[in-house]
Amino acid sequence: MVTLKCPICGGNVEVEDNALPGEIIEHECGAQLEVFNDNGRLSLRLAETVGEDWGE
Amino acid sequence: MIVIKSGGRVIKNSFDKLINSLSNYNESAVFVHGGGDIVTDYSKRMGIEPTFVVSPEGIRSRYTTREELDIYVMAMNLINKNIVSSISSKGRNVVGITGADGPSIYAERKKRIMIIDERGKKRIIEGGYTGKIIKVNNEFLLGLISLVNYVVMAPIAIDVNEGVLLNVDGDQMALAVAKTLRADALVILTDVEGVLVDGKVINKLSVNEAKDLAKKIGPGMNRKILMAASAVEEGVKRVIISSGLKDNSVLEALSGKGTVIE
């Protein structure tokens, strides 16, 4: 596990070592966070809302 | 004026009946076709294994890479022209287009989508070449309808900013066209008799009943019901979800067979 900071509440967020960029983590503060690669290090940002009206 | 949508399974398994049903409807209509299963067949025959992704709500959709987009456009255009030639052979005037023609259907490429990945985790990935419909060219479609009995539309739209064709959901395309044209009816032909609850077809639903029911039934049909409710709220007089596998399916649906949302 890697401990990262929630960009919204500043609290700790436990992220699995093998987390992939794009992975979504629901934090206890209610924020939906996206794992991203920040110059070779895993980091977190607020996930944008992504709709579901896909193609055929 | 009505809008009719038929999914790929009806086209694949009941093509002749569908063509007869469309030809027996004597007034003007826009017909939006699907064809996902047929695209998958072509993709495999061309040596490209299609990729599917599952949304957090459990909806399984095609993931369209640039390479697969080409096959999608080829296969959908072939389906479109097969429908056009078959309806024409019944003596009806028909034109077949994609949303890029006109342009009639504008969309934005979905740059990112959320999926459940192979490890069962929610993840955001690049969106590929699927799109969200943002505008329907009302005047262009009305102009076409004034010239022919049927406008047959393949579920392909255009992103004019990126200059690319996009795979769009046929149900969403039919919904957008029906709303824009304020259609008298949107007929959704599927491979089931209508909305089924405990094995029985629900014959009528109000908008609110449809929204409540959508929370209780499985993915796929729930999306169609929510779409139907939204269509009626935005000016479509009624939506009928009915079987496309039967003889005279269009006229049967318009007579109230299936599930009517109004």
# chains A, B, ... in the order shown; residues from 1 in each chain; ligands from 1

$ residues_around --residues "region 29-32 of chain A" --least-positions-apart "4" --cutoff "10 Å" --atoms "only C-alpha atoms" --output "MDAnalysis selection string"
chainID A and resid 6:11 24:25 44:49

$ closest_atom_pairs --of "chain B" --to "chain A" --cutoff "6 Å" --atoms "only C-alpha atoms" --output "JSON lines"
{"residue": "B:Gly36", "atom": "CA", "partner": "A:Glu56", "partner_atom": "CA", "distance": 5.7}
{"residue": "B:Ile113", "atom": "CA", "partner": "A:Val50", "partner_atom": "CA", "distance": 5.7}
{"residue": "B:Lys122", "atom": "CA", "partner": "A:Ile24", "partner_atom": "CA", "distance": 5.3}
{"residue": "B:Arg123", "atom": "CA", "partner": "A:Glu23", "partner_atom": "CA", "distance": 4.0}
{"residue": "B:Ile124", "atom": "CA", "partner": "A:Gly22", "partner_atom": "CA", "distance": 4.4}
{"residue": "B:Thr130", "atom": "CA", "partner": "A:Gly55", "partner_atom": "CA", "distance": 5.2}
{"residue": "B:Asn167", "atom": "CA", "partner": "A:Gly55", "partner_atom": "CA", "distance": 5.0}
{"residue": "B:Val168", "atom": "CA", "partner": "A:Gly55", "partner_atom": "CA", "distance": 3.9}
{"residue": "B:Asp169", "atom": "CA", "partner": "A:Gly55", "partner_atom": "CA", "distance": 4.0}

$ write_last_selection --atoms "C-alpha atoms" --output "PDB file, in the first residue's frame"
ATOM      1  CA  GLY B  36     -23.472  -3.916 -33.368  1.00  0.00           C
ATOM      2  CA  ILE B 113     -14.905   6.990 -20.251  1.00  0.00           C
ATOM      3  CA  LYS B 122     -13.462   1.504 -11.572  1.00  0.00           C
ATOM      4  CA  ARG B 123     -11.099   3.183 -13.955  1.00  0.00           C
ATOM      5  CA  ILE B 124     -11.078   6.104 -16.415  1.00  0.00           C
ATOM      6  CA  THR B 130     -17.495   6.987 -29.553  1.00  0.00           C
ATOM      7  CA  ASN B 167     -19.699   5.538 -33.297  1.00  0.00           C
ATOM      8  CA  VAL B 168     -22.863   6.736 -31.560  1.00  0.00           C
ATOM      9  CA  ASP B 169     -25.518   4.677 -29.850  1.00  0.00           C
TER      10      ASP B 169
END

$ residues_around --residues "Glu16 (chain A)" --least-positions-apart "5" --cutoff "10 Å" --atoms "only C-alpha atoms" --output "VMD selection string"
chain A and resid 1 to 3

$ residues_around --residues "Pro155 (chain B)" --least-positions-apart "5" --cutoff "10 Å" --atoms "only C-alpha atoms" --output "list in words"
Gly55 and Glu56 of chain A; Val32, His33, Gly34, Gly35, Gly36, Tyr72, Val73, Met76, Asn77, Asn80, Ile97, Thr98, Gly99, Ala100, Ile105, Leu166, Asn167, Val168, Asp169, Gly170, Asp171, Gln172, Met173 and Ala174 of chain B

$ residues_around --residues "Phe31 (chain B)" --least-positions-apart "6" --cutoff "6 Å" --atoms "only C-alpha atoms" --output "list of chain:residue names"
B:Val3, B:Ile4, B:Lys5, B:Val152

$ write_last_selection --atoms "N, CA and C atoms" --output "PDB file, in the first residue's frame"
ATOM      1  N   VAL B   3     -40.422   8.296 -35.963  1.00  0.00           N
ATOM      2  CA  VAL B   3     -39.039   7.794 -35.989  1.00  0.00           C
ATOM      3  C   VAL B   3     -39.088   6.342 -35.530  1.00  0.00           C
ATOM      4  N   ILE B   4     -38.389   5.477 -36.245  1.00  0.00           N
ATOM      5  CA  ILE B   4     -38.349   4.051 -35.910  1.00  0.00           C
ATOM      6  C   ILE B   4     -36.896   3.673 -35.654  1.00  0.00           C
ATOM      7  N   LYS B   5     -36.676   2.891 -34.613  1.00  0.00           N
ATOM      8  CA  LYS B   5     -35.316   2.392 -34.332  1.00  0.00           C
ATOM      9  C   LYS B   5     -35.388   0.873 -34.248  1.00  0.00           C
ATOM     10  N   VAL B 152     -33.127   6.552 -44.004  1.00  0.00           N
ATOM     11  CA  VAL B 152     -32.523   5.472 -43.226  1.00  0.00           C
ATOM     12  C   VAL B 152     -31.174   5.968 -42.707  1.00  0.00           C
TER      13      VAL B 152
END

$ residues_around --residues "Asn138 (chain B)" --least-positions-apart "3" --cutoff "12 Å" --atoms "only C-alpha atoms" --output "list of chain:residue names"
B:Gly99, B:Gly102, B:Pro103, B:Ser104, B:Ile105, B:Tyr106, B:Lys135, B:Leu141, B:Leu142, B:Gly143, B:Leu144, B:Ile145, B:Ala176, B:Val177, B:Ala178, B:Lys179, B:Thr180, B:Leu181, B:Arg182, B:Ala183

$ write_last_selection --atoms "N, CA and C atoms" --output "JSON list (two decimals), in the first residue's frame"
[["chain", "number", "residue", "atom", "x", "y", "z"],
["B", 99, "GLY", "N", -24.91, 10.25, -39.98],
["B", 99, "GLY", "CA", -25.03, 11.57, -39.38],
["B", 99, "GLY", "C", -24.00, 12.56, -39.90],
["B", 102, "GLY", "N", -24.74, 15.86, -44.48],
["B", 102, "GLY", "CA", -25.53, 17.07, -44.19],
["B", 102, "GLY", "C", -24.68, 18.22, -43.66],
["B", 103, "PRO", "N", -23.94, 18.08, -42.55],
["B", 103, "PRO", "CA", -24.06, 17.03, -41.52],
["B", 103, "PRO", "C", -25.44, 17.06, -40.87],
["B", 104, "SER", "N", -25.91, 15.88, -40.54],
["B", 104, "SER", "CA", -27.22, 15.82, -39.90],
["B", 104, "SER", "C", -27.13, 15.55, -38.40],
["B", 105, "ILE", "N", -26.08, 14.83, -37.96],
["B", 105, "ILE", "CA", -25.93, 14.56, -36.52],
["B", 105, "ILE", "C", -24.52, 14.97, -36.08],
["B", 106, "TYR", "N", -24.47, 15.97, -35.23],
["B", 106, "TYR", "CA", -23.19, 16.45, -34.70],
["B", 106, "TYR", "C", -22.96, 15.77, -33.34],
["B", 135, "LYS", "N", -26.11, 17.84, -31.42],
["B", 135, "LYS", "CA", -27.04, 18.63, -32.24],
["B", 135, "LYS", "C", -27.56, 17.80, -33.42],
["B", 141, "LEU", "N", -32.88, 17.30, -42.22],
["B", 141, "LEU", "CA", -33.69, 16.08, -42.18],
["B", 141, "LEU", "C", -35.11, 16.33, -42.71],
["B", 142, "LEU", "N", -35.69, 17.47, -42.34],
["B", 142, "LEU", "CA", -37.04, 17.78, -42.84],
["B", 142, "LEU", "C", -37.02, 17.93, -44.36],
["B", 143, "GLY", "N", -35.93, 18.52, -44.88],
["B", 143, "GLY", "CA", -35.79, 18.65, -46.33],
["B", 143, "GLY", "C", -35.77, 17.28, -47.01],
["B", 144, "LEU", "N", -35.01, 16.35, -46.43],
["B", 144, "LEU", "CA", -34.94, 14.99, -47.01],
["B", 144, "LEU", "C", -36.30, 14.29, -46.95],
["B", 145, "ILE", "N", -36.95, 14.43, -45.79],
["B", 145, "ILE", "CA", -38.24, 13.75, -45.60],
["B", 145, "ILE", "C", -39.29, 14.29, -46.59],
["B", 176, "ALA", "N", -32.57, 11.51, -30.21],
["B", 176, "ALA", "CA", -32.22, 12.90, -30.56],
["B", 176, "ALA", "C", -33.02, 13.35, -31.78],
["B", 177, "VAL", "N", -33.16, 12.46, -32.77],
["B", 177, "VAL", "CA", -33.91, 12.82, -33.98],
["B", 177, "VAL", "C", -35.39, 13.01, -33.64],
["B", 178, "ALA", "N", -35.94, 12.08, -32.86],
["B", 178, "ALA", "CA", -37.38, 12.16, -32.51],
["B", 178, "ALA", "C", -37.68, 13.44, -31.74],
["B", 179, "LYS", "N", -36.79, 13.80, -30.81],
["B", 179, "LYS", "CA", -37.00, 15.03, -30.03],
["B", 179, "LYS", "C", -36.95, 16.25, -30.94],
["B", 180, "THR", "N", -35.93, 16.30, -31.78],
["B", 180, "THR", "CA", -35.75, 17.48, -32.64],
["B", 180, "THR", "C", -36.90, 17.64, -33.61],
["B", 181, "LEU", "N", -37.38, 16.52, -34.16],
["B", 181, "LEU", "CA", -38.46, 16.60, -35.14],
["B", 181, "LEU", "C", -39.84, 16.63, -34.47],
["B", 182, "ARG", "N", -39.84, 16.53, -33.12],
["B", 182, "ARG", "CA", -41.09, 16.45, -32.35],
["B", 182, "ARG", "C", -42.02, 15.41, -32.99],
["B", 183, "ALA", "N", -41.48, 14.21, -33.06],
["B", 183, "ALA", "CA", -42.15, 13.12, -33.78],
["B", 183, "ALA", "C", -43.48, 12.74, -33.13]]

$ atom_distance --atom1 "CA of Arg66 (chain B)" --atom2 "CA of Arg112 (chain B)"
14.7 Å

$ residues_around --residues "Ile71 (chain B)" --least-positions-apart "2" --cutoff "12 Å" --atoms "only C-alpha atoms" --output "PyMOL selection string"
chain B and resi 36+38-50+64-69+73-78+129+165-167

$ atom_distance --atom1 "CA of Leu186 (chain B)" --atom2 "CA of Met1 (chain B)"
9.4 Å
